>>> print(open('data-v9.txt').read())   # compact mmCIF, C-alpha atoms
# COMPACT_ATOMS: atom_id res chain seq x y z
CA MET L 1 55.93 -144.86 -47.44
CA PRO L 2 58.63 -143.47 -49.79
CA TYR L 3 62.04 -144.28 -48.42
CA THR L 4 65.36 -144.37 -50.16
CA ASN L 5 68.79 -145.55 -49.07
CA VAL L 6 71.62 -143.21 -49.99
CA ARG L 7 75.03 -142.55 -48.46
CA GLY L 8 74.59 -145.38 -46.01
CA ALA L 9 71.38 -144.12 -44.42
CA ARG L 10 67.64 -144.46 -44.87
CA PHE L 11 65.94 -141.25 -45.91
CA HIS L 12 62.27 -140.36 -46.10
CA ILE L 13 61.17 -138.24 -49.04
CA ALA L 14 57.77 -137.16 -50.35
CA ASP L 15 56.84 -136.14 -53.87
CA LEU L 16 53.80 -133.97 -54.49
CA ALA L 17 52.42 -133.94 -58.05
CA PRO L 18 55.32 -136.22 -59.14
CA ARG L 19 54.16 -136.50 -62.76
CA ARG L 20 53.89 -132.76 -63.34
CA PRO L 21 56.40 -131.72 -66.00
CA GLY L 22 58.72 -128.75 -65.69
CA GLU L 23 61.18 -127.49 -63.15
CA PRO L 24 60.67 -129.19 -59.78
CA VAL L 25 60.83 -127.44 -56.43
CA VAL L 26 62.87 -129.06 -53.66
CA MET L 27 61.91 -127.86 -50.18
CA LEU L 28 64.35 -128.13 -47.29
CA HIS L 29 63.55 -127.84 -43.59
CA GLY L 30 65.65 -126.58 -40.69
CA LEU L 31 67.38 -128.49 -37.90
CA PHE L 32 65.87 -129.85 -34.67
CA THR L 33 62.27 -128.65 -34.88
CA GLY L 34 62.05 -129.13 -38.62
CA SER L 35 60.84 -132.13 -40.58
CA ILE L 36 59.18 -132.87 -43.88
CA ALA L 37 56.01 -131.53 -42.21
CA SER L 38 57.53 -128.03 -42.01
CA TRP L 39 56.69 -127.52 -45.68
CA TYR L 40 54.21 -130.34 -46.29
CA LEU L 41 51.68 -128.75 -43.93
CA THR L 42 52.40 -125.12 -44.95
CA ALA L 43 53.49 -123.85 -48.40
CA ALA L 44 54.10 -127.10 -50.29
CA PRO L 45 50.47 -127.99 -51.17
CA ALA L 46 49.88 -124.59 -52.84
CA ILE L 47 53.17 -124.78 -54.73
CA SER L 48 52.34 -128.31 -55.88
CA ALA L 49 49.23 -126.97 -57.61
CA THR L 50 51.51 -125.83 -60.44
CA ARG L 51 54.83 -127.58 -59.86
CA ARG L 52 56.29 -130.89 -58.93
CA VAL L 53 57.53 -130.69 -55.33
CA ARG L 54 60.03 -132.90 -53.55
CA LEU L 55 60.22 -132.78 -49.77
CA VAL L 56 62.95 -134.47 -47.77
CA ASP L 57 63.50 -135.36 -44.13
CA TRP L 58 67.13 -134.59 -43.34
CA ARG L 59 69.12 -137.28 -41.56
CA GLY L 60 68.16 -137.39 -37.90
CA HIS L 61 64.82 -135.70 -38.58
CA GLY L 62 61.24 -136.74 -39.20
CA LEU L 63 61.13 -140.29 -40.52
CA SER L 64 64.73 -140.43 -41.77
CA GLU L 65 67.39 -142.41 -39.99
CA ARG L 66 69.14 -140.77 -37.06
CA THR L 67 72.74 -141.37 -38.03
CA PRO L 68 75.47 -140.81 -35.42
CA ASN L 69 77.15 -138.13 -37.55
CA GLY L 70 77.04 -136.26 -40.85
CA TYR L 71 75.22 -133.06 -39.88
CA GLY L 72 77.65 -130.50 -41.32
CA THR L 73 76.61 -128.61 -44.46
CA ALA L 74 79.16 -130.46 -46.65
CA SER L 75 77.72 -133.84 -45.67
CA MET L 76 74.13 -132.70 -45.96
CA ALA L 77 74.76 -131.06 -49.35
CA ALA L 78 76.01 -134.48 -50.48
CA ASP L 79 72.79 -135.98 -49.05
CA LEU L 80 70.81 -133.45 -51.07
CA GLU L 81 72.72 -134.30 -54.23
CA ALA L 82 71.93 -138.01 -53.77
CA LEU L 83 68.29 -137.37 -52.86
CA THR L 84 67.69 -135.27 -55.99
CA ALA L 85 69.83 -137.21 -58.48
CA ASP L 86 66.75 -138.31 -60.45
CA LEU L 87 65.41 -134.77 -60.91
CA PRO L 88 66.11 -132.24 -63.66
CA PRO L 89 67.63 -128.94 -62.45
CA PHE L 90 65.34 -127.55 -59.79
CA ALA L 91 64.38 -124.64 -57.58
CA ILE L 92 65.24 -124.80 -53.88
CA VAL L 93 63.10 -123.42 -51.10
CA GLY L 94 64.94 -123.68 -47.80
CA HIS L 95 64.26 -122.73 -44.21
CA SER L 96 66.93 -121.97 -41.61
CA TYR L 97 69.76 -124.52 -41.73
CA GLY L 98 68.23 -125.78 -44.98
CA CYS L 99 69.41 -122.46 -46.46
CA LEU L 100 72.99 -123.11 -45.34
CA VAL L 101 72.90 -126.54 -46.95
CA ALA L 102 71.35 -125.00 -50.07
CA LEU L 103 74.17 -122.43 -50.29
CA ARG L 104 76.78 -125.16 -49.89
CA PHE L 105 75.00 -127.26 -52.52
CA LEU L 106 74.93 -124.29 -54.92
CA GLN L 107 78.68 -123.86 -54.48
CA THR L 108 79.70 -127.51 -54.71
CA VAL L 109 77.24 -128.99 -57.21
CA PRO L 110 77.11 -126.55 -60.09
CA GLY L 111 74.34 -126.58 -62.65
CA ARG L 112 71.66 -128.22 -60.52
CA VAL L 113 69.98 -125.14 -59.04
CA ARG L 114 67.79 -122.88 -61.19
CA ARG L 115 66.46 -120.54 -58.52
CA MET L 116 66.60 -120.24 -54.80
CA VAL L 117 64.31 -119.06 -52.02
CA LEU L 118 65.89 -118.71 -48.59
CA VAL L 119 63.51 -118.32 -45.68
CA GLU L 120 65.16 -117.19 -42.46
CA PRO L 121 68.74 -118.04 -43.43
CA PRO L 122 71.15 -117.95 -40.47
CA PHE L 123 73.76 -115.90 -42.33
CA ASN L 124 74.48 -113.32 -39.61
CA GLU L 125 76.95 -112.98 -36.80
CA VAL L 126 74.67 -114.78 -34.34
CA GLY L 127 76.30 -118.15 -33.78
CA LEU L 128 74.22 -121.08 -34.97
CA SER L 129 74.06 -122.67 -31.53
CA GLU L 130 73.18 -119.36 -29.90
CA GLY L 131 70.51 -118.64 -32.49
CA LEU L 132 69.05 -122.10 -32.12
CA ARG L 133 68.79 -121.62 -28.36
CA ALA L 134 66.88 -118.39 -28.93
CA VAL L 135 64.64 -120.06 -31.50
CA ARG L 136 63.84 -122.91 -29.14
CA GLY L 137 62.33 -120.39 -26.75
CA GLU L 138 60.14 -118.96 -29.46
CA PRO L 139 56.47 -119.53 -28.68
CA SER L 140 55.21 -119.80 -32.26
CA GLY L 141 56.62 -123.26 -32.87
CA ARG L 142 53.30 -124.95 -33.40
CA LEU L 143 54.98 -127.82 -35.23
CA ARG L 144 56.35 -129.30 -32.04
CA ASN L 145 55.03 -130.89 -28.91
CA GLY L 146 56.25 -133.21 -26.18
CA SER L 147 57.55 -136.07 -28.26
CA ALA L 148 59.12 -133.64 -30.74
CA GLU L 149 61.08 -132.19 -27.83
CA ARG L 150 62.21 -135.68 -26.89
CA ARG L 151 63.42 -136.27 -30.43
CA MET L 152 65.33 -133.00 -30.46
CA ARG L 153 67.07 -133.97 -27.24
CA ALA L 154 67.87 -137.42 -28.64
CA LEU L 155 69.38 -135.80 -31.72
CA ALA L 156 71.52 -133.49 -29.58
CA ASP L 157 72.52 -136.26 -27.15
CA THR L 158 73.21 -139.20 -29.48
CA THR L 159 74.69 -137.57 -32.58
CA THR L 160 77.50 -135.17 -33.47
CA VAL L 161 75.01 -132.50 -34.56
CA LEU L 162 76.14 -129.88 -32.03
CA THR L 163 79.85 -130.38 -32.67
CA ASP L 164 79.15 -130.43 -36.42
CA LEU L 165 77.40 -127.07 -36.07
CA ALA L 166 80.21 -125.64 -33.96
CA ALA L 167 82.73 -126.74 -36.61
CA GLU L 168 80.78 -125.12 -39.43
CA PRO L 169 82.85 -122.31 -41.01
CA PRO L 170 81.16 -118.88 -40.90
CA VAL L 171 79.42 -117.75 -44.07
CA THR L 172 81.63 -115.14 -45.74
CA ASP L 173 80.64 -112.31 -48.08
CA ALA L 174 82.32 -114.26 -50.85
CA ASP L 175 80.00 -117.19 -50.06
CA LEU L 176 76.99 -114.90 -50.14
CA ARG L 177 77.98 -113.42 -53.49
CA SER L 178 77.44 -116.80 -55.11
CA LEU L 179 73.72 -116.20 -54.47
CA ASP L 180 73.87 -113.22 -56.80
CA GLY L 181 74.58 -115.35 -59.85
CA GLY L 182 70.99 -116.46 -60.34
CA PRO L 183 67.39 -115.73 -59.33
CA CYS L 184 67.27 -115.61 -55.54
CA LEU L 185 64.72 -114.44 -52.98
CA VAL L 186 65.45 -114.03 -49.28
CA ILE L 187 62.66 -113.75 -46.69
CA GLY L 188 63.32 -112.84 -43.06
CA GLY L 189 61.20 -112.48 -39.92
CA ARG L 190 61.68 -109.11 -38.20
CA ASN L 191 61.60 -110.66 -34.71
CA SER L 192 64.02 -113.44 -35.52
CA PRO L 193 67.54 -113.58 -34.05
CA PHE L 194 68.71 -114.09 -37.64
CA ILE L 195 67.05 -111.00 -39.16
CA SER L 196 70.29 -109.12 -39.84
CA SER L 197 71.07 -111.89 -42.36
CA VAL L 198 68.69 -110.14 -44.74
CA ASP L 199 70.70 -106.89 -44.67
CA ARG L 200 73.90 -108.86 -45.10
CA VAL L 201 72.51 -110.49 -48.22
CA ARG L 202 71.24 -107.12 -49.49
CA GLN L 203 74.72 -105.62 -49.15
CA ALA L 204 76.57 -108.53 -50.70
CA CYS L 205 74.08 -109.32 -53.45
CA PRO L 206 72.53 -106.37 -55.31
CA HIS L 207 70.40 -108.65 -57.49
CA VAL L 208 68.85 -110.73 -54.75
CA ARG L 209 65.29 -109.81 -53.83
CA ALA L 210 64.76 -109.44 -50.10
CA HIS L 211 61.58 -109.28 -48.02
CA GLU L 212 60.97 -108.88 -44.33
CA LEU L 213 57.77 -110.02 -42.69
CA ALA L 214 56.45 -109.44 -39.19
CA GLY L 215 57.24 -112.67 -37.39
CA GLY L 216 59.98 -114.78 -35.92
CA HIS L 217 62.18 -117.60 -37.11
CA GLU L 218 59.26 -119.96 -37.76
CA ILE L 219 57.76 -117.52 -40.20
CA HIS L 220 56.96 -120.26 -42.71
CA VAL L 221 54.48 -121.58 -40.13
CA SER L 222 53.24 -118.43 -38.40
CA HIS L 223 52.91 -116.47 -41.67
CA ALA L 224 52.42 -119.36 -44.05
CA ASP L 225 50.09 -117.49 -46.41
CA GLU L 226 52.48 -114.57 -46.92
CA VAL L 227 55.48 -116.84 -47.37
CA THR L 228 53.54 -119.00 -49.82
CA ALA L 229 52.45 -115.95 -51.84
CA LEU L 230 56.02 -114.61 -52.00
CA VAL L 231 57.40 -118.00 -53.05
CA THR L 232 54.80 -118.71 -55.71
CA GLY L 233 55.12 -115.14 -57.04
CA PHE L 234 58.88 -115.50 -57.25
CA LEU L 235 58.80 -118.92 -58.88
CA GLY L 236 56.35 -117.61 -61.44
CA PRO L 237 54.19 -119.72 -63.70
CA ALA L 238 55.43 -123.25 -64.22
CA ARG L 239 57.32 -123.69 -67.44
CA ALA L 240 57.93 -126.85 -69.36
CA GLU L 241 61.40 -128.21 -68.93
CA VAL L 242 63.63 -127.07 -71.75
CA ALA L 243 66.80 -128.67 -72.96
CA HIS L 244 69.84 -127.25 -71.25
CA GLY L 245 73.47 -127.70 -71.95
CA MET V 246 17.54 -147.56 -54.71
CA ASN V 247 18.27 -144.45 -52.70
CA LYS V 248 17.95 -146.34 -49.45
CA GLU V 249 20.36 -148.97 -50.66
CA ARG V 250 22.92 -146.38 -51.70
CA THR V 251 22.69 -144.68 -48.28
CA ALA V 252 23.34 -147.99 -46.57
CA ASP V 253 26.35 -148.59 -48.81
CA ALA V 254 27.73 -145.14 -48.02
CA ALA V 255 27.38 -145.74 -44.26
CA ASP V 256 29.25 -149.02 -44.57
CA THR V 257 32.00 -147.34 -46.53
CA ALA V 258 32.43 -144.62 -43.89
CA ASP V 259 32.80 -147.29 -41.21
CA MET V 260 35.31 -149.13 -43.33
CA VAL V 261 37.33 -145.98 -43.93
CA LEU V 262 37.23 -145.16 -40.20
CA ALA V 263 38.48 -148.67 -39.41
CA GLU V 264 41.26 -148.24 -41.95
CA VAL V 265 42.26 -144.81 -40.59
CA THR V 266 42.26 -146.24 -37.06
CA ARG V 267 44.52 -149.12 -38.14
CA MET V 268 46.89 -146.65 -39.79
CA LEU V 269 46.97 -144.40 -36.73
CA VAL V 270 48.00 -147.39 -34.62
CA GLU V 271 50.81 -148.05 -37.08
CA VAL V 272 51.92 -144.44 -37.08
CA VAL V 273 51.92 -143.64 -33.38
CA GLY V 274 52.16 -147.14 -31.91
CA GLU V 275 49.54 -149.12 -30.04
CA ASP V 276 50.78 -148.01 -26.62
CA PHE V 277 49.84 -144.42 -27.33
CA LEU V 278 46.33 -145.24 -28.42
CA LEU V 279 45.35 -147.49 -25.50
CA ASP V 280 42.04 -146.47 -23.96
CA VAL V 281 41.31 -144.07 -26.81
CA GLU V 282 38.25 -144.93 -28.81
CA ILE V 283 38.65 -143.29 -32.19
CA THR V 284 35.41 -141.89 -33.59
CA GLY V 285 34.56 -139.28 -36.16
CA ASP V 286 34.70 -136.61 -33.43
CA THR V 287 38.21 -137.50 -32.28
CA THR V 288 40.63 -134.67 -33.07
CA PHE V 289 44.18 -135.34 -34.22
CA SER V 290 46.02 -132.79 -32.10
CA GLU V 291 43.82 -132.45 -28.98
CA ASP V 292 42.66 -136.04 -28.50
CA LEU V 293 45.46 -138.00 -30.13
CA ALA V 294 48.36 -135.55 -29.62
CA LEU V 295 49.44 -136.34 -33.15
CA GLU V 296 52.70 -134.72 -34.21
CA SER V 297 52.90 -132.96 -37.55
CA ILE V 298 55.34 -135.57 -38.90
CA GLU V 299 52.90 -138.30 -37.84
CA PHE V 300 50.13 -136.53 -39.71
CA VAL V 301 52.29 -136.63 -42.84
CA ALA V 302 52.95 -140.33 -42.23
CA LEU V 303 49.20 -140.94 -41.96
CA ALA V 304 48.61 -139.03 -45.21
CA GLU V 305 51.20 -141.17 -46.98
CA LYS V 306 49.62 -144.37 -45.70
CA LEU V 307 46.22 -143.23 -46.99
CA GLN V 308 47.72 -142.48 -50.37
CA GLN V 309 49.51 -145.81 -50.44
CA HIS V 310 46.31 -147.67 -49.56
CA TYR V 311 43.77 -145.82 -51.68
CA GLY V 312 46.05 -144.70 -54.51
CA ASP V 313 46.17 -141.47 -56.48
CA ARG V 314 42.50 -140.73 -55.83
CA ILE V 315 43.69 -139.39 -52.49
CA ASP V 316 45.29 -136.03 -53.20
CA PHE V 317 46.19 -135.03 -49.68
CA ALA V 318 48.06 -131.89 -50.74
CA ALA V 319 44.96 -130.61 -52.55
CA PHE V 320 42.81 -131.52 -49.55
CA ILE V 321 44.86 -129.39 -47.13
CA ALA V 322 45.91 -126.66 -49.57
CA ASP V 323 43.40 -124.13 -48.21
CA MET V 324 43.95 -124.95 -44.52
CA ASP V 325 46.51 -123.46 -42.19
CA LEU V 326 48.51 -125.63 -39.85
CA THR V 327 46.17 -125.09 -36.92
CA GLU V 328 43.17 -126.11 -39.00
CA ILE V 329 44.99 -129.19 -40.26
CA MET V 330 46.10 -130.37 -36.84
CA SER V 331 42.79 -129.61 -35.12
CA MET V 332 40.85 -131.51 -37.76
CA ASP V 333 38.67 -134.35 -36.51
CA VAL V 334 38.95 -137.87 -37.82
CA GLY V 335 35.48 -137.64 -39.35
CA THR V 336 36.54 -134.80 -41.67
CA LEU V 337 39.38 -136.91 -43.02
CA VAL V 338 37.14 -139.97 -43.31
CA ASP V 339 34.55 -137.92 -45.24
CA TYR V 340 37.23 -136.75 -47.66
CA VAL V 341 38.58 -140.25 -48.23
CA GLN V 342 35.09 -141.69 -48.59
CA GLY V 343 34.16 -138.96 -51.07
CA ARG V 344 37.21 -139.83 -53.15
CA THR V 345 36.68 -143.58 -53.04
CA THR V 346 32.93 -143.88 -53.53
CA PRO V 347 32.09 -144.06 -57.23
CA VAL V 348 29.87 -141.18 -58.33
CA PRO V 349 26.51 -142.60 -59.53
CA TRP V 350 26.12 -142.14 -63.27
CA GLU V 351 23.00 -140.04 -62.92
CA ASP V 352 24.85 -137.61 -60.61
CA ARG V 353 27.78 -137.21 -62.97
CA ALA V 354 25.59 -135.57 -65.58
CA ARG V 355 24.76 -132.67 -63.23
>>> encode(input="data-v9.txt", output="structure tokens")
Amino acid sequence: MPYTNVRGARFHIADLAPRRPGEPVVMLHGLFTGSIASWYLTAAPAISATRRVRLVDWRGHGLSERTPNGYGTASMAADLEALTADLPPFAIVGHSYGCLVALRFLQTVPGRVRRMVLVEPPFNEVGLSEGLRAVRGEPSGRLRNGSAERRMRALADTTTVLTDLAAEPPVTDADLRSLDGGPCLVIGGRNSPFISSVDRVRQACPHVRAHELAGGHEIHVSHADEVTALVTGFLGPARAEVAHG
Amino acid sequence: MNKERTADAADTADMVLAEVTRMLVEVVGEDFLLDVEITGDTTFSEDLALESIEFVALAEKLQQHYGDRIDFAAFIADMDLTEIMSMDVGTLVDYVQGRTTPVPWEDRAR
């Protein structure tokens, strides 16, 4: 089982097609219901047909260590930096809170991100905690069952995750504009509490491509084929890694 | 010759099933599998209540044990999540066995 110790914690990662040359794709899941399985059992296999894919379990999720703290985007962007240190510059595909970490990573670790796909980013005025409550009532969450619920509760009860989320500064238009500096695709679910994020990105970032699909927050699961097609279309054919300076 | 090969294949399927069963015990813990006899018809989600993350853990154990011949991502690439989770153990065993049994020389030419 591929584990790595970084920043004082044990993380679980998975590489698909690890010897494939070219720009890798790093896929990031959301909080609470998410895990490495969020992408491993949906879009990642198809993407790995042409590209190297790295999947990570965030701290407190899946098979990674449940640390008592460190769930803010600054801390998790530092996790991401450590977990991808061996890769050449890469594409990010994020879901939900994974998009917030990706944005923070883009802003704080320049030169590492080549392109970005944000699926259901929580960039709107709905508070994170409020949105997460709404999402937890969503019936399409086929990735979870009884013991997943227990794990979510354990995460909420034994770590600082909820206070870390509450302390997270709101995403400003200036933050969003950093997405406009490179190839970026945003995908939203029309029935999601976060759907107005897509319009916010459209207004702030004229170059970002935006798509809305029928579906809720777990659109990467409920509409996996459409999301996969949009992502692979956006990433385009795999290209050999070229020297960059 | 044919008879002998069939017998070999049956043995291999049993061995793979035993290996998958051992791995499932490691992944979900023995307590959860008490009183469950795992056969080819046992389904991962319905019968074993396997979580998606546990399915990934099982896939990684298979890859670790059998090596690169097991390309789990390629195996599930055309399935949706419901198909993956409602798979029965026999389908997985067949895949593993197909990837681990050497193809007879005469069949390779076809």
>>> closest_atom_pairs(input="data-v9.txt", of="chain L", to="chain V", cutoff="12 Å", atoms="all atoms listed in the file", output="JSON lines")
{"residue": "L:Met1", "atom": "CA", "partner": "V:Glu305", "partner_atom": "CA", "distance": 6.0}
{"residue": "L:Pro2", "atom": "CA", "partner": "V:Glu305", "partner_atom": "CA", "distance": 8.3}
{"residue": "L:Tyr3", "atom": "CA", "partner": "V:Glu305", "partner_atom": "CA", "distance": 11.4}
{"residue": "L:His12", "atom": "CA", "partner": "V:Ala302", "partner_atom": "CA", "distance": 10.1}
{"residue": "L:Ile13", "atom": "CA", "partner": "V:Glu305", "partner_atom": "CA", "distance": 10.6}
{"residue": "L:Ala14", "atom": "CA", "partner": "V:Glu305", "partner_atom": "CA", "distance": 8.4}
{"residue": "L:Asp15", "atom": "CA", "partner": "V:Glu305", "partner_atom": "CA", "distance": 10.2}
{"residue": "L:Leu16", "atom": "CA", "partner": "V:Ala318", "partner_atom": "CA", "distance": 7.2}
{"residue": "L:Ala17", "atom": "CA", "partner": "V:Ala318", "partner_atom": "CA", "distance": 8.8}
{"residue": "L:Pro18", "atom": "CA", "partner": "V:Asp313", "partner_atom": "CA", "distance": 10.9}
{"residue": "L:Arg19", "atom": "CA", "partner": "V:Asp313", "partner_atom": "CA", "distance": 11.3}
{"residue": "L:Thr33", "atom": "CA", "partner": "V:Ile298", "partner_atom": "CA", "distance": 10.6}
{"residue": "L:Gly34", "atom": "CA", "partner": "V:Ile298", "partner_atom": "CA", "distance": 9.3}
{"residue": "L:Ser35", "atom": "CA", "partner": "V:Ile298", "partner_atom": "CA", "distance": 6.7}
{"residue": "L:Ile36", "atom": "CA", "partner": "V:Ile298", "partner_atom": "CA", "distance": 6.8}
{"residue": "L:Ala37", "atom": "CA", "partner": "V:Ile298", "partner_atom": "CA", "distance": 5.3}
{"residue": "L:Ser38", "atom": "CA", "partner": "V:Ser297", "partner_atom": "CA", "distance": 8.1}
{"residue": "L:Trp39", "atom": "CA", "partner": "V:Leu326", "partner_atom": "CA", "distance": 10.2}
{"residue": "L:Tyr40", "atom": "CA", "partner": "V:Val301", "partner_atom": "CA", "distance": 7.4}
{"residue": "L:Leu41", "atom": "CA", "partner": "V:Leu326", "partner_atom": "CA", "distance": 6.0}
{"residue": "L:Thr42", "atom": "CA", "partner": "V:Leu326", "partner_atom": "CA", "distance": 6.4}
{"residue": "L:Ala43", "atom": "CA", "partner": "V:Ala322", "partner_atom": "CA", "distance": 8.2}
{"residue": "L:Ala44", "atom": "CA", "partner": "V:Ala318", "partner_atom": "CA", "distance": 7.7}
{"residue": "L:Pro45", "atom": "CA", "partner": "V:Ala318", "partner_atom": "CA", "distance": 4.6}
{"residue": "L:Ala46", "atom": "CA", "partner": "V:Ala322", "partner_atom": "CA", "distance": 5.5}
{"residue": "L:Ile47", "atom": "CA", "partner": "V:Ala322", "partner_atom": "CA", "distance": 9.1}
{"residue": "L:Ser48", "atom": "CA", "partner": "V:Ala318", "partner_atom": "CA", "distance": 7.6}
{"residue": "L:Ala49", "atom": "CA", "partner": "V:Ala319", "partner_atom": "CA", "distance": 7.6}
{"residue": "L:Thr50", "atom": "CA", "partner": "V:Ala319", "partner_atom": "CA", "distance": 11.3}
{"residue": "L:Arg52", "atom": "CA", "partner": "V:Ala318", "partner_atom": "CA", "distance": 11.7}
{"residue": "L:Val53", "atom": "CA", "partner": "V:Ala318", "partner_atom": "CA", "distance": 10.6}
{"residue": "L:Leu55", "atom": "CA", "partner": "V:Val301", "partner_atom": "CA", "distance": 11.2}
{"residue": "L:Val56", "atom": "CA", "partner": "V:Ile298", "partner_atom": "CA", "distance": 11.7}
{"residue": "L:Asp57", "atom": "CA", "partner": "V:Ile298", "partner_atom": "CA", "distance": 9.7}
{"residue": "L:His61", "atom": "CA", "partner": "V:Ile298", "partner_atom": "CA", "distance": 9.5}
{"residue": "L:Gly62", "atom": "CA", "partner": "V:Ile298", "partner_atom": "CA", "distance": 6.0}
{"residue": "L:Leu63", "atom": "CA", "partner": "V:Ile298", "partner_atom": "CA", "distance": 7.6}
{"residue": "L:Ser64", "atom": "CA", "partner": "V:Ile298", "partner_atom": "CA", "distance": 11.0}
{"residue": "L:Ser140", "atom": "CA", "partner": "V:Thr327", "partner_atom": "CA", "distance": 11.5}
{"residue": "L:Gly141", "atom": "CA", "partner": "V:Leu326", "partner_atom": "CA", "distance": 11.0}
{"residue": "L:Arg142", "atom": "CA", "partner": "V:Thr327", "partner_atom": "CA", "distance": 8.0}
{"residue": "L:Leu143", "atom": "CA", "partner": "V:Ser297", "partner_atom": "CA", "distance": 6.0}
{"residue": "L:Arg144", "atom": "CA", "partner": "V:Glu296", "partner_atom": "CA", "distance": 6.9}
{"residue": "L:Asn145", "atom": "CA", "partner": "V:Glu296", "partner_atom": "CA", "distance": 6.9}
{"residue": "L:Gly146", "atom": "CA", "partner": "V:Glu296", "partner_atom": "CA", "distance": 8.9}
{"residue": "L:Ser147", "atom": "CA", "partner": "V:Glu296", "partner_atom": "CA", "distance": 7.8}
{"residue": "L:Ala148", "atom": "CA", "partner": "V:Glu296", "partner_atom": "CA", "distance": 7.4}
{"residue": "L:Glu149", "atom": "CA", "partner": "V:Glu296", "partner_atom": "CA", "distance": 10.8}
{"residue": "L:Arg151", "atom": "CA", "partner": "V:Glu296", "partner_atom": "CA", "distance": 11.5}
{"residue": "L:His220", "atom": "CA", "partner": "V:Leu326", "partner_atom": "CA", "distance": 10.4}
{"residue": "L:Val221", "atom": "CA", "partner": "V:Leu326", "partner_atom": "CA", "distance": 7.2}
{"residue": "L:Ser222", "atom": "CA", "partner": "V:Leu326", "partner_atom": "CA", "distance": 8.7}
{"residue": "L:His223", "atom": "CA", "partner": "V:Asp325", "partner_atom": "CA", "distance": 9.5}
{"residue": "L:Ala224", "atom": "CA", "partner": "V:Asp325", "partner_atom": "CA", "distance": 7.4}
{"residue": "L:Asp225", "atom": "CA", "partner": "V:Asp325", "partner_atom": "CA", "distance": 8.1}
{"residue": "L:Glu226", "atom": "CA", "partner": "V:Asp325", "partner_atom": "CA", "distance": 11.7}
{"residue": "L:Thr228", "atom": "CA", "partner": "V:Ala322", "partner_atom": "CA", "distance": 10.8}
>>> residues_near_point(input="data-v9.txt", point="(73.7, -115.5, -59.6)", cutoff="10 Å", atoms="only C-alpha atoms", output="list of chain:residue names")
L:Arg114, L:Arg115, L:Met116, L:Arg177, L:Ser178, L:Leu179, L:Asp180, L:Gly181, L:Gly182, L:Pro183, L:Cys184, L:Cys205, L:His207, L:Val208
>>> atom_distance(input="data-v9.txt", atom1="atom CA of Leu235 of chain L", atom2="atom CA of Pro110 of chain L")
19.9 Å
>>> closest_residue(input="data-v9.txt", among="L:Gly216, L:Pro169, L:Pro206, L:Pro89", to="Glu120 of chain L", atoms="all atoms listed in the file")
L:Gly216
>>> closest_residue(input="data-v9.txt", among="V:Leu293, V:Ile315, V:Arg344, V:Thr284", to="Leu262 of chain V", atoms="all atoms listed in the file")
V:Thr284
>>> atom_distance(input="data-v9.txt", atom1="atom CA of His217 of chain L", atom2="atom CA of Ser192 of chain L")
4.8 Å
>>> atom_distance(input="data-v9.txt", atom1="atom CA of Thr257 of chain V", atom2="atom CA of Ile283 of chain V")
16.3 Å
>>> residues_around(input="data-v9.txt", residues="Val338 of chain V", least_positions_apart="3", cutoff="10 Å", atoms="all atoms listed in the file", output="list in words")
Thr257, Ala258, Asp259, Met260, Val261, Leu262, Ala263, Glu264, Val265, Gly285, Asp333, Val334, Gly335, Val341, Gln342, Gly343 and Arg344 of chain V
>>> residues_around(input="data-v9.txt", residues="Arg200 of chain L", least_positions_apart="5", cutoff="12 Å", atoms="all atoms listed in the file", output="list of chain:residue names")
L:Pro121, L:Pro122, L:Phe123, L:Asn124, L:Glu125, L:Val171, L:Thr172, L:Asp173, L:Ala174, L:Asp175, L:Leu176, L:Arg177, L:Leu179, L:Val186, L:Gly188, L:Phe194, L:Ile195, L:Cys205, L:Pro206, L:Val208, L:Ala210
>>> axis_aligned_box(input="data-v9.txt", around="segment 270-282 of chain V", padding_each_side="3 Å", output="AutoDock Vina command-line options")
--center_x 45.2 --center_y -146.4 --center_z -30.5 --size_x 19.9 --size_y 11.5 --size_z 19.1
>>> closest_residue(input="data-v9.txt", among="L:Ala238, L:Leu162, L:Leu213, L:Ala74", to="Gly22 of chain L", atoms="all atoms listed in the file")
L:Ala238
>>> decode(input="data-v9.txt", residues="segment 342-348 of chain V", atoms="N, CA and C atoms", output="JSON list (two decimals), in the first residue's frame")
[["chain", "number", "residue", "atom", "x", "y", "z"],
["V", 342, "GLN", "N", -7.38, -14.00, -12.30],
["V", 342, "GLN", "CA", -6.92, -15.28, -12.83],
["V", 342, "GLN", "C", -6.53, -15.15, -14.29],
["V", 343, "GLY", "N", -7.33, -14.39, -15.05],
["V", 343, "GLY", "CA", -7.03, -14.19, -16.47],
["V", 343, "GLY", "C", -5.71, -13.46, -16.68],
["V", 344, "ARG", "N", -5.36, -12.61, -15.72],
["V", 344, "ARG", "CA", -4.12, -11.84, -15.85],
["V", 344, "ARG", "C", -2.91, -12.60, -15.32],
["V", 345, "THR", "N", -3.16, -13.66, -14.53],
["V", 345, "THR", "CA", -2.03, -14.35, -13.92],
["V", 345, "THR", "C", -1.74, -15.69, -14.56],
["V", 346, "THR", "N", -2.75, -16.25, -15.27],
["V", 346, "THR", "CA", -2.53, -17.53, -15.92],
["V", 346, "THR", "C", -1.78, -17.31, -17.23],
["V", 347, "PRO", "N", -0.65, -17.97, -17.42],
["V", 347, "PRO", "CA", 0.07, -17.78, -18.68],
["V", 347, "PRO", "C", -0.79, -18.26, -19.86],
["V", 348, "VAL", "N", -0.78, -17.49, -20.92],
["V", 348, "VAL", "CA", -1.52, -17.88, -22.13],
["V", 348, "VAL", "C", -0.74, -18.99, -22.81]]
